[in-house]
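Coordinates from query.cif are shown below (mmCIF, C-alpha atoms (C1' of nucleotides)).
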```cif
data_input
loop_
_atom_site.label_atom_id
_atom_site.label_comp_id
_atom_site.auth_asym_id
_atom_site.auth_seq_id
_atom_site.Cartn_x
_atom_site.Cartn_y
_atom_site.Cartn_z
CA MET A 5 -73.54 -27.24 -56.17
CA THR A 6 -75.01 -25.68 -59.28
CA ALA A 7 -77.14 -23.49 -57.07
CA ARG A 8 -74.15 -22.38 -55.09
CA ALA A 9 -72.45 -21.38 -58.34
CA ALA A 10 -75.53 -19.64 -59.63
CA GLN A 11 -75.49 -17.34 -56.64
CA THR A 12 -72.59 -15.38 -57.93
CA SER A 13 -75.31 -13.13 -59.37
CA PRO A 14 -77.99 -13.48 -56.74
CA ARG A 15 -80.04 -10.42 -57.59
CA LYS A 16 -81.10 -11.60 -61.01
CA ARG A 17 -84.21 -13.66 -61.40
CA ALA A 18 -82.14 -16.73 -62.27
CA GLY A 19 -82.82 -16.67 -66.00
CA ASN A 20 -84.70 -19.95 -66.16
CA GLY A 21 -88.25 -18.83 -65.60
CA ALA A 22 -89.44 -22.42 -65.58
CA ALA A 23 -88.81 -23.67 -62.08
CA ARG A 24 -85.65 -25.61 -61.46
CA GLN A 25 -85.62 -28.18 -58.69
CA HIS A 26 -83.74 -27.01 -55.64
CA ASP A 27 -82.28 -29.96 -53.80
CA ALA A 28 -83.17 -28.60 -50.37
CA ASP A 29 -79.64 -28.27 -49.08
CA GLU A 30 -78.25 -26.39 -52.02
CA ILE A 31 -80.43 -23.37 -51.42
CA GLY A 32 -78.42 -20.23 -50.96
CA LEU A 33 -78.81 -17.93 -48.00
CA ASP A 34 -77.28 -14.92 -49.75
CA ALA A 35 -77.09 -12.02 -47.34
CA LEU A 36 -78.00 -14.18 -44.36
CA VAL A 37 -74.52 -15.62 -44.33
CA GLY A 38 -72.48 -12.96 -42.61
CA HIS A 39 -75.23 -12.02 -40.22
CA ALA A 40 -74.20 -12.93 -36.71
CA GLY A 41 -77.79 -12.87 -35.50
CA TYR A 42 -78.88 -15.64 -37.83
CA ALA A 43 -76.11 -18.01 -36.81
CA VAL A 44 -76.58 -17.19 -33.15
CA ARG A 45 -80.31 -17.80 -33.39
CA ARG A 46 -79.91 -21.20 -35.01
CA PHE A 47 -77.27 -22.18 -32.50
CA GLN A 48 -79.39 -21.02 -29.60
CA ILE A 49 -82.31 -23.13 -30.80
CA TRP A 50 -80.07 -26.17 -31.07
CA ILE A 51 -78.55 -25.63 -27.64
CA PHE A 52 -81.92 -25.15 -25.94
CA GLN A 53 -83.32 -28.25 -27.54
CA ASP A 54 -80.37 -30.25 -26.30
CA PHE A 55 -80.76 -28.77 -22.82
CA ILE A 56 -84.47 -29.58 -22.72
CA ARG A 57 -83.79 -33.09 -23.96
CA THR A 58 -80.92 -33.75 -21.56
CA LEU A 59 -82.95 -32.48 -18.61
CA GLY A 60 -86.13 -34.02 -19.91
CA ASP A 61 -86.36 -36.66 -17.20
CA VAL A 62 -86.42 -34.02 -14.47
CA ASP A 63 -88.61 -31.67 -16.53
CA ILE A 64 -86.51 -28.54 -16.12
CA ARG A 65 -86.22 -25.91 -18.85
CA PRO A 66 -83.34 -23.48 -19.28
CA THR A 67 -85.15 -20.53 -17.72
CA GLN A 68 -86.22 -22.56 -14.71
CA TYR A 69 -82.66 -23.77 -14.28
CA SER A 70 -81.32 -20.22 -14.36
CA VAL A 71 -83.82 -19.11 -11.71
CA LEU A 72 -82.99 -22.02 -9.41
CA THR A 73 -79.28 -21.47 -9.85
CA VAL A 74 -79.42 -17.78 -8.97
CA ILE A 75 -81.61 -18.36 -5.94
CA GLY A 76 -79.37 -21.20 -4.80
CA ALA A 77 -76.31 -19.01 -5.03
CA ASN A 78 -77.99 -15.96 -3.47
CA PRO A 79 -80.66 -17.00 -0.97
CA GLY A 80 -83.02 -14.28 0.16
CA LEU A 81 -83.14 -12.33 -3.06
CA SER A 82 -86.34 -10.51 -3.96
CA GLN A 83 -88.24 -11.29 -7.13
CA MET A 84 -87.24 -7.96 -8.60
CA ALA A 85 -83.56 -8.68 -7.95
CA VAL A 86 -83.75 -12.08 -9.61
CA ALA A 87 -85.71 -10.74 -12.56
CA LYS A 88 -83.24 -7.90 -13.10
CA ARG A 89 -80.23 -10.15 -12.81
CA LEU A 90 -81.53 -12.66 -15.33
CA GLY A 91 -83.14 -10.17 -17.67
CA ILE A 92 -86.59 -11.65 -17.07
CA GLU A 93 -89.72 -9.55 -16.74
CA ARG A 94 -90.94 -9.53 -13.19
CA ALA A 95 -94.40 -10.40 -14.49
CA ARG A 96 -92.99 -13.51 -16.12
CA LEU A 97 -91.04 -14.51 -13.02
CA VAL A 98 -94.31 -14.70 -11.09
CA HIS A 99 -95.47 -17.68 -13.15
CA LEU A 100 -92.06 -19.31 -13.10
CA LEU A 101 -92.00 -19.13 -9.30
CA ASP A 102 -95.60 -20.32 -9.04
CA SER A 103 -94.57 -23.46 -10.89
CA LEU A 104 -91.35 -23.98 -8.94
CA GLU A 105 -93.15 -23.38 -5.65
CA GLN A 106 -95.84 -25.91 -6.52
CA ARG A 107 -93.08 -28.43 -7.11
CA LYS A 108 -91.69 -27.63 -3.64
CA LEU A 109 -88.34 -26.53 -5.03
CA VAL A 110 -88.61 -22.87 -4.00
CA LYS A 111 -90.38 -20.98 -1.25
CA ARG A 112 -91.41 -17.35 -1.02
CA VAL A 113 -90.83 -15.92 2.43
CA LYS A 114 -92.40 -12.60 3.39
CA SER A 115 -89.61 -10.13 3.93
CA LYS A 116 -89.53 -8.36 7.30
CA GLU A 117 -87.59 -5.34 6.06
CA ASP A 118 -89.80 -4.64 3.05
CA ARG A 119 -93.26 -6.09 3.41
CA ARG A 120 -93.89 -5.61 -0.31
CA SER A 121 -91.25 -8.11 -1.34
CA HIS A 122 -90.63 -11.83 -0.99
CA ALA A 123 -87.33 -13.38 0.01
CA LEU A 124 -86.67 -16.36 -2.23
CA HIS A 125 -85.12 -19.56 -0.93
CA LEU A 126 -84.63 -23.10 -2.11
CA THR A 127 -86.38 -25.75 -0.07
CA ALA A 128 -84.30 -28.64 1.25
CA GLN A 129 -85.82 -30.67 -1.54
CA GLY A 130 -84.90 -27.89 -3.95
CA GLU A 131 -81.26 -27.99 -2.87
CA THR A 132 -80.84 -31.69 -3.56
CA ALA A 133 -82.83 -31.39 -6.77
CA LEU A 134 -80.65 -28.53 -7.99
CA ALA A 135 -77.56 -30.62 -7.37
CA LYS A 136 -78.96 -33.24 -9.70
CA PHE A 137 -79.95 -30.62 -12.26
CA LYS A 138 -76.40 -29.30 -12.23
CA ARG A 139 -75.03 -32.73 -13.01
CA LEU A 140 -77.40 -33.05 -15.96
CA ALA A 141 -76.61 -29.52 -17.10
CA ALA A 142 -72.93 -30.43 -17.08
CA GLU A 143 -73.77 -33.38 -19.29
CA HIS A 144 -75.58 -31.01 -21.65
CA GLU A 145 -72.54 -28.79 -21.67
CA ARG A 146 -70.44 -31.74 -22.76
CA ASN A 147 -72.87 -32.20 -25.65
CA VAL A 148 -72.22 -28.61 -26.67
CA GLU A 149 -68.51 -29.24 -26.51
CA ALA A 150 -68.90 -32.32 -28.68
CA LYS A 151 -70.89 -30.29 -31.19
CA ILE A 152 -68.62 -27.28 -31.71
CA GLY A 153 -65.33 -28.39 -30.17
CA ARG A 154 -63.69 -27.63 -26.85
CA GLU A 155 -61.62 -24.72 -28.14
CA ASN A 156 -64.55 -23.09 -29.90
CA ARG A 157 -66.79 -23.41 -26.87
CA GLU A 158 -64.23 -21.67 -24.70
CA GLN A 159 -63.74 -18.89 -27.22
CA LEU A 160 -67.50 -18.48 -27.38
CA LEU A 161 -67.76 -18.13 -23.62
CA ARG A 162 -64.95 -15.62 -23.65
CA ILE A 163 -66.46 -13.55 -26.45
CA LEU A 164 -69.90 -13.46 -24.86
CA ALA A 165 -68.79 -13.08 -21.24
CA GLY A 166 -70.01 -9.50 -21.23
CA PHE A 167 -73.62 -10.55 -21.71
CA THR A 168 -73.91 -12.79 -18.68
CA MET B 588 -67.62 -6.86 -4.03
CA THR B 589 -68.48 -8.44 -0.72
CA ALA B 590 -71.03 -10.60 -2.49
CA ARG B 591 -68.50 -11.71 -5.02
CA ALA B 592 -66.17 -12.79 -2.23
CA ALA B 593 -68.94 -14.58 -0.37
CA GLN B 594 -69.50 -16.77 -3.39
CA THR B 595 -66.38 -18.75 -2.83
CA SER B 596 -68.67 -21.05 -0.86
CA PRO B 597 -71.85 -20.72 -2.84
CA ARG B 598 -73.66 -23.77 -1.54
CA LYS B 599 -73.96 -22.61 2.02
CA ARG B 600 -76.92 -20.55 3.08
CA ALA B 601 -74.74 -17.44 3.43
CA GLY B 602 -74.63 -17.44 7.23
CA ASN B 603 -76.54 -14.23 7.73
CA GLY B 604 -80.11 -15.41 7.90
CA ALA B 605 -81.36 -11.86 8.11
CA ALA B 606 -81.44 -10.60 4.56
CA ARG B 607 -78.48 -8.63 3.34
CA GLN B 608 -79.00 -6.07 0.62
CA HIS B 609 -77.79 -7.24 -2.76
CA ASP B 610 -76.76 -4.30 -4.84
CA ALA B 611 -78.40 -5.63 -7.98
CA ASP B 612 -75.25 -6.05 -10.04
CA GLU B 613 -73.26 -7.96 -7.45
CA ILE B 614 -75.53 -10.96 -7.57
CA GLY B 615 -73.68 -14.13 -8.44
CA LEU B 616 -74.71 -16.46 -11.23
CA ASP B 617 -72.86 -19.46 -9.84
CA ALA B 618 -73.18 -22.40 -12.24
CA LEU B 619 -74.72 -20.22 -14.95
CA VAL B 620 -71.31 -18.81 -15.74
CA GLY B 621 -69.73 -21.49 -17.85
CA HIS B 622 -72.95 -22.42 -19.57
CA ALA B 623 -72.71 -21.56 -23.23
CA GLY B 624 -76.47 -21.61 -23.60
CA TYR B 625 -77.01 -18.81 -21.11
CA ALA B 626 -74.49 -16.49 -22.72
CA VAL B 627 -75.77 -17.30 -26.19
CA ARG B 628 -79.35 -16.66 -25.12
CA ARG B 629 -78.57 -13.27 -23.61
CA PHE B 630 -76.55 -12.31 -26.68
CA GLN B 631 -79.28 -13.44 -29.01
CA ILE B 632 -81.82 -11.31 -27.19
CA TRP B 633 -79.57 -8.29 -27.43
CA ILE B 634 -78.85 -8.83 -31.09
CA PHE B 635 -82.52 -9.29 -32.02
CA GLN B 636 -83.52 -6.18 -30.12
CA ASP B 637 -80.91 -4.19 -31.99
CA PHE B 638 -82.07 -5.67 -35.29
CA ILE B 639 -85.70 -4.84 -34.55
CA ARG B 640 -84.76 -1.33 -33.46
CA THR B 641 -82.50 -0.69 -36.44
CA LEU B 642 -85.14 -1.92 -38.88
CA GLY B 643 -87.95 -0.38 -36.86
CA ASP B 644 -88.78 2.27 -39.44
CA VAL B 645 -89.45 -0.35 -42.11
CA ASP B 646 -91.15 -2.70 -39.64
CA ILE B 647 -89.20 -5.83 -40.52
CA ARG B 648 -88.34 -8.50 -37.96
CA PRO B 649 -85.44 -10.94 -38.19
CA THR B 650 -87.56 -13.87 -39.34
CA GLN B 651 -89.26 -11.79 -42.03
CA TYR B 652 -85.88 -10.59 -43.21
CA SER B 653 -84.57 -14.13 -43.46
CA VAL B 654 -87.58 -15.21 -45.52
CA LEU B 655 -87.27 -12.27 -47.90
CA THR B 656 -83.55 -12.84 -48.30
CA VAL B 657 -83.89 -16.52 -49.17
CA ILE B 658 -86.70 -15.88 -51.64
CA GLY B 659 -84.75 -13.03 -53.19
CA ALA B 660 -81.72 -15.24 -53.67
CA ASN B 661 -83.71 -18.26 -54.87
CA PRO B 662 -86.83 -17.18 -56.74
CA GLY B 663 -89.41 -19.87 -57.36
CA LEU B 664 -88.82 -21.87 -54.20
CA SER B 665 -91.76 -23.70 -52.66
CA GLN B 666 -92.91 -22.94 -49.14
CA MET B 667 -91.62 -26.30 -47.94
CA ALA B 668 -88.18 -25.58 -49.38
CA VAL B 669 -87.98 -22.18 -47.66
CA ALA B 670 -89.26 -23.57 -44.39
CA LYS B 671 -86.76 -26.42 -44.42
CA ARG B 672 -83.86 -24.18 -45.33
CA LEU B 673 -84.58 -21.69 -42.54
CA GLY B 674 -85.67 -24.21 -39.93
CA ILE B 675 -89.15 -22.71 -39.78
CA GLU B 676 -92.29 -24.83 -39.44
CA ARG B 677 -94.24 -24.80 -42.67
CA ALA B 678 -97.33 -23.93 -40.63
CA ARG B 679 -95.60 -20.86 -39.30
CA LEU B 680 -94.36 -19.82 -42.73
CA VAL B 681 -97.97 -19.60 -43.91
CA HIS B 682 -98.64 -16.67 -41.59
CA LEU B 683 -95.32 -15.02 -42.37
CA LEU B 684 -96.09 -15.15 -46.09
CA ASP B 685 -99.66 -13.96 -45.53
CA SER B 686 -98.24 -10.85 -43.91
CA LEU B 687 -95.53 -10.30 -46.52
CA GLU B 688 -97.99 -10.85 -49.34
CA GLN B 689 -100.42 -8.34 -47.86
CA ARG B 690 -97.59 -5.83 -47.86
CA LYS B 691 -97.00 -6.59 -51.57
CA LEU B 692 -93.43 -7.71 -50.96
CA VAL B 693 -93.92 -11.35 -51.95
CA LYS B 694 -96.25 -13.20 -54.29
CA ARG B 695 -97.32 -16.82 -54.32
CA VAL B 696 -97.51 -18.21 -57.85
CA LYS B 697 -99.25 -21.51 -58.50
CA SER B 698 -96.67 -23.97 -59.68
CA LYS B 699 -97.32 -25.70 -62.98
CA GLU B 700 -95.13 -28.73 -62.26
CA ASP B 701 -96.63 -29.47 -58.85
CA ARG B 702 -100.10 -28.06 -58.42
CA ARG B 703 -99.89 -28.58 -54.66
CA SER B 704 -97.09 -26.07 -54.19
CA HIS B 705 -96.57 -22.35 -54.62
CA ALA B 706 -93.57 -20.79 -56.29
CA LEU B 707 -92.45 -17.83 -54.19
CA HIS B 708 -91.19 -14.62 -55.77
CA LEU B 709 -90.45 -11.10 -54.67
CA THR B 710 -92.60 -8.42 -56.26
CA ALA B 711 -90.84 -5.53 -57.95
CA GLN B 712 -91.72 -3.54 -54.88
CA GLY B 713 -90.30 -6.34 -52.78
CA GLU B 714 -86.99 -6.25 -54.62
CA THR B 715 -86.41 -2.56 -54.01
CA ALA B 716 -87.64 -2.88 -50.44
CA LEU B 717 -85.26 -5.76 -49.75
CA ALA B 718 -82.37 -3.67 -51.03
CA LYS B 719 -83.21 -1.08 -48.42
CA PHE B 720 -83.62 -3.72 -45.73
CA LYS B 721 -80.17 -5.06 -46.57
CA ARG B 722 -78.65 -1.64 -46.08
CA LEU B 723 -80.30 -1.33 -42.68
CA ALA B 724 -79.30 -4.89 -41.77
CA ALA B 725 -75.71 -3.99 -42.60
CA GLU B 726 -76.01 -1.06 -40.24
CA HIS B 727 -77.26 -3.44 -37.57
CA GLU B 728 -74.30 -5.68 -38.24
CA ARG B 729 -72.00 -2.76 -37.64
CA ASN B 730 -73.70 -2.29 -34.27
CA VAL B 731 -72.86 -5.90 -33.43
CA GLU B 732 -69.29 -5.28 -34.43
CA ALA B 733 -69.15 -2.22 -32.22
CA LYS B 734 -70.54 -4.25 -29.34
CA ILE B 735 -68.24 -7.28 -29.35
CA GLY B 736 -65.38 -6.18 -31.61
CA ARG B 737 -64.52 -6.96 -35.18
CA GLU B 738 -62.25 -9.88 -34.40
CA ASN B 739 -64.72 -11.49 -32.04
CA ARG B 740 -67.58 -11.14 -34.49
CA GLU B 741 -65.58 -12.90 -37.18
CA GLN B 742 -64.59 -15.69 -34.82
CA LEU B 743 -68.21 -16.06 -33.82
CA LEU B 744 -69.31 -16.41 -37.44
CA ARG B 745 -66.59 -18.95 -38.04
CA ILE B 746 -67.47 -21.00 -34.96
CA LEU B 747 -71.17 -21.06 -35.75
CA ALA B 748 -70.88 -21.43 -39.52
CA GLY B 749 -72.10 -25.01 -39.24
CA PHE B 750 -75.51 -23.93 -38.00
CA THR B 751 -76.45 -21.69 -40.91
"C1'" DG C 918 -96.91 14.03 10.11
"C1'" DG C 919 -98.95 13.47 5.90
"C1'" DA C 920 -99.55 13.86 0.89
"C1'" DA C 921 -97.29 12.58 -3.53
"C1'" DG C 922 -94.52 9.65 -6.02
"C1'" DA C 923 -91.85 5.38 -6.60
"C1'" DT C 924 -91.34 0.32 -6.01
"C1'" DT C 925 -92.94 -4.69 -5.55
"C1'" DG C 926 -95.70 -8.40 -6.65
"C1'" DT C 927 -99.67 -9.62 -9.25
"C1'" DT C 928 -103.01 -10.13 -13.10
"C1'" DG C 929 -104.13 -9.60 -17.71
"C1'" DT C 930 -103.44 -8.79 -22.82
"C1'" DT C 931 -100.95 -8.80 -27.02
"C1'" DG C 932 -97.94 -10.71 -30.43
"C1'" DA C 933 -93.90 -13.55 -32.09
"C1'" DC C 934 -92.49 -18.14 -32.09
"C1'" DG C 935 -91.81 -23.51 -31.90
"C1'" DA C 936 -94.25 -27.92 -31.82
"C1'" DC C 937 -97.87 -30.79 -33.06
"C1'" DA C 938 -102.10 -32.64 -35.11
"C1'" DA C 939 -105.56 -32.84 -38.53
"C1'" DC C 940 -107.32 -31.98 -43.18
"C1'" DA C 941 -108.03 -31.48 -48.52
"C1'" DA C 942 -105.69 -31.44 -52.72
"C1'" DT C 943 -102.28 -33.45 -55.29
"C1'" DT C 944 -98.41 -36.38 -56.50
"C1'" DG C 945 -95.80 -40.59 -56.95
"C1'" DG C 946 -94.72 -45.55 -56.08
"C1'" DC C 947 -96.15 -49.96 -57.11
"C1'" DG D 37 -105.74 -47.51 -60.28
"C1'" DC D 38 -104.82 -47.67 -55.36
"C1'" DC D 39 -102.31 -46.47 -51.33
"C1'" DA D 40 -98.74 -43.78 -49.19
"C1'" DA D 41 -96.36 -39.52 -49.07
"C1'" DT D 42 -96.12 -34.51 -49.80
"C1'" DT D 43 -97.85 -29.55 -49.78
"C1'" DG D 44 -100.31 -25.85 -48.06
"C1'" DT D 45 -103.60 -24.67 -44.64
"C1'" DT D 46 -106.01 -24.30 -40.21
"C1'" DG D 47 -106.13 -24.95 -35.48
"C1'" DT D 48 -104.44 -25.72 -30.66
"C1'" DC D 49 -101.04 -25.54 -26.98
"C1'" DG D 50 -97.16 -23.78 -24.41
"C1'" DT D 51 -93.07 -20.61 -24.05
"C1'" DC D 52 -91.58 -16.12 -24.06
"C1'" DA D 53 -90.97 -10.77 -24.40
"C1'" DA D 54 -93.37 -6.41 -23.85
"C1'" DC D 55 -96.90 -3.55 -21.80
"C1'" DA D 56 -100.43 -1.80 -18.92
"C1'" DA D 57 -103.04 -1.54 -14.83
"C1'" DC D 58 -103.67 -2.36 -9.92
"C1'" DA D 59 -103.21 -2.84 -4.58
"C1'" DA D 60 -100.01 -2.82 -0.99
"C1'" DT D 61 -96.11 -0.77 0.71
"C1'" DC D 62 -92.10 2.16 1.01
"C1'" DT D 63 -89.70 6.69 0.29
"C1'" DT D 64 -89.38 11.55 -0.44
"C1'" DC D 65 -90.48 15.98 0.31
"C1'" DC D 66 -92.94 19.77 2.26
#
```
Would you put the structure from the file into structure tokens?
Amino acid sequence: MTARAAQTSPRKRAGNGAARQHDADEIGLDALVGHAGYAVRRFQIWIFQDFIRTLGDVDIRPTQYSVLTVIGANPGLSQMAVAKRLGIERARLVHLLDSLEQRKLVKRVKSKEDRRSHALHLTAQGETALAKFKRLAAEHERNVEAKIGRENREQLLRILAGFT
Amino acid sequence: MTARAAQTSPRKRAGNGAARQHDADEIGLDALVGHAGYAVRRFQIWIFQDFIRTLGDVDIRPTQYSVLTVIGANPGLSQMAVAKRLGIERARLVHLLDSLEQRKLVKRVKSKEDRRSHALHLTAQGETALAKFKRLAAEHERNVEAKIGRENREQLLRILAGFT
DNA sequence: GGAAGATTGTTGTTGACGACAACAATTGGC
DNA sequence: GCCAATTGTTGTCGTCAACAACAATCTTCC
């Protein structure tokens, strides 16, 4: 509280040269408050941690989930197409797919039309697994709703719809 | 457009086994739409890239800026206090401060009260530099406003205020 | 038809970042 | 005074974005 009051003149070197104890949660952020990026970053960290925790039993991370979802909804896509759509580097997608293919969730099929590219498909096992992942992801989404409120979550989705 | 229509039954394997060309931006996201985490992640990437670009001339990244800001507003803090306040690992903060100290923006002063800890201060050079960084950060914030709109940015800050 | 340039998947490197574990120095509880 | 906790530091590991280079293949252009 005293710290919060003291910040009315944040530039000055606080007068008391001898250190005063800051009680950890009364440390001012000054200019950081009012920066959208800072709030978004902290929120994104929280939301990813909850996602990873909620899907911990099935060992699926957010990026893996996004890849599986896009392939499931658009079978036959090339790696480039998936990478572009999700904003992932194609170099990075290689490792992601290596992992998912080892786990028999995804298969790379040589494309007949363009022999450079691979057509991506879910395996049968991948289809049923994804269904389970989606149920868990929905549970995670309910956690988000519980954290920030139903109304706020919907406004958030509306505001950021352009980035999806 | 055709792809968007086809997604009304997204589960099915799209009928046409032979690959159909997806025109890159008509690829469906299926369950990803409606996930707050995905939108937030994409937005966070955009916002950080703009921050890094806008402060490219002074070579300051978002995390460095947050550290400088907190130290500037609360001189004399220990490394633990800064790390806790910003949600940074204290191990990570060591490297951040090494870099900032090399650039003569921050100094670590041995604390008299607790000889384990360091009191963190901006150098004179650091103070003037931070003032410049704040001007550039404000410019970045105006870019955010231009991207999502003034109203939406304010709602976003309000919704996520609890995470700062 | 064939050379030149672009695209696709792959491998590798770099650096920022979060998480975790261990350690020495120091502090504080008892 | 002794034992537990804290602080800064070092190190490792894994995720992730950004590049660069490469072989195979496709496309364009002459």
Taking 4 positions as the minimum chain separation for residues in the same chain, which residues sit within 10 Å of D:DT43 when counting all atoms listed in the file? Answer as a PyMOL selection string. (chain B and resi 665-667+677+701-705) or (chain C and resi 942-944)
Could you write out as number ranges by chain the residues that the PyMOL selection byres ((chain B) within 7 of (chain A)) matches in the shown file? B: 597-598, 600, 606, 611, 614-619, 621-624, 626-631, 634-635, 653, 656-657, 659-663, 668, 672, 728, 739, 743-744, 746-748, 750-751
The PyMOL selection byres ((chain D and resi 64) around 8) applied to the shown file, residues as a PyMOL selection string: (chain C and resi 922) or (chain D and resi 63+65)
Would you list which chain C residues are within 12 Å of chain B using all atoms listed in the file, as a PDB file with C-alpha atoms (C1' of nucleotides), keeping the file's coordinate frame?
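Wrote it out as iface.pdb, contents follow:
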```pdb
ATOM      1  C1'  DA C 933     -93.900 -13.550 -32.090  1.00  0.00           C
ATOM      2  C1'  DC C 934     -92.490 -18.140 -32.090  1.00  0.00           C
ATOM      3  C1'  DG C 935     -91.810 -23.510 -31.900  1.00  0.00           C
ATOM      4  C1'  DA C 936     -94.250 -27.920 -31.820  1.00  0.00           C
ATOM      5  C1'  DC C 937     -97.870 -30.790 -33.060  1.00  0.00           C
ATOM      6  C1'  DA C 938    -102.100 -32.640 -35.110  1.00  0.00           C
ATOM      7  C1'  DA C 941    -108.030 -31.480 -48.520  1.00  0.00           C
ATOM      8  C1'  DA C 942    -105.690 -31.440 -52.720  1.00  0.00           C
ATOM      9  C1'  DT C 943    -102.280 -33.450 -55.290  1.00  0.00           C
ATOM     10  C1'  DT C 944     -98.410 -36.380 -56.500  1.00  0.00           C
ATOM     11  C1'  DG C 945     -95.800 -40.590 -56.950  1.00  0.00           C
TER      12       DG C 945
END
```
Given 3 Å on each side, where is the centre and what are the edge lengths in Å to one decimal of the axis-aligned box enclosing the listed atoms of stretch 621-628 of chain B, as lines of an AutoDock Vina configuration file?
```
center_x = -74.5
center_y = -19.5
center_z = -22.0
size_x = 15.6
size_y = 11.9
size_z = 14.3
```
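Between atom CA of B:Leu707 and atom CA of B:Phe720 there is a distance of 18.7 Å.
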Where does the PyMOL selection byres ((chain C and resi 946) around 12) land in this file, that is, which residues does it pick, as a ChimeraX atom specification? /C:944-945,947 /D:37-41
Only residues of chain D matter here; which ones have an atom within 12 Å of chain B, counting only C-alpha atoms (C1' of nucleotides)? Give them as an mmCIF file with C-alpha atoms (C1' of nucleotides), in the frame of the given file.
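Saved the output as part.cif:
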```cif
data_model
loop_
_atom_site.group_PDB
_atom_site.id
_atom_site.type_symbol
_atom_site.label_atom_id
_atom_site.label_comp_id
_atom_site.auth_asym_id
_atom_site.auth_seq_id
_atom_site.Cartn_x
_atom_site.Cartn_y
_atom_site.Cartn_z
ATOM 1 C "C1'" DT D 42 -96.120 -34.510 -49.800
ATOM 2 C "C1'" DT D 43 -97.850 -29.550 -49.780
ATOM 3 C "C1'" DG D 44 -100.310 -25.850 -48.060
ATOM 4 C "C1'" DT D 45 -103.600 -24.670 -44.640
ATOM 5 C "C1'" DT D 46 -106.010 -24.300 -40.210
ATOM 6 C "C1'" DG D 47 -106.130 -24.950 -35.480
ATOM 7 C "C1'" DC D 52 -91.580 -16.120 -24.060
ATOM 8 C "C1'" DA D 53 -90.970 -10.770 -24.400
ATOM 9 C "C1'" DA D 54 -93.370 -6.410 -23.850
#
```
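The space between atom CA of B:Val693 and atom CA of B:Thr710 spans 5.4 Å.
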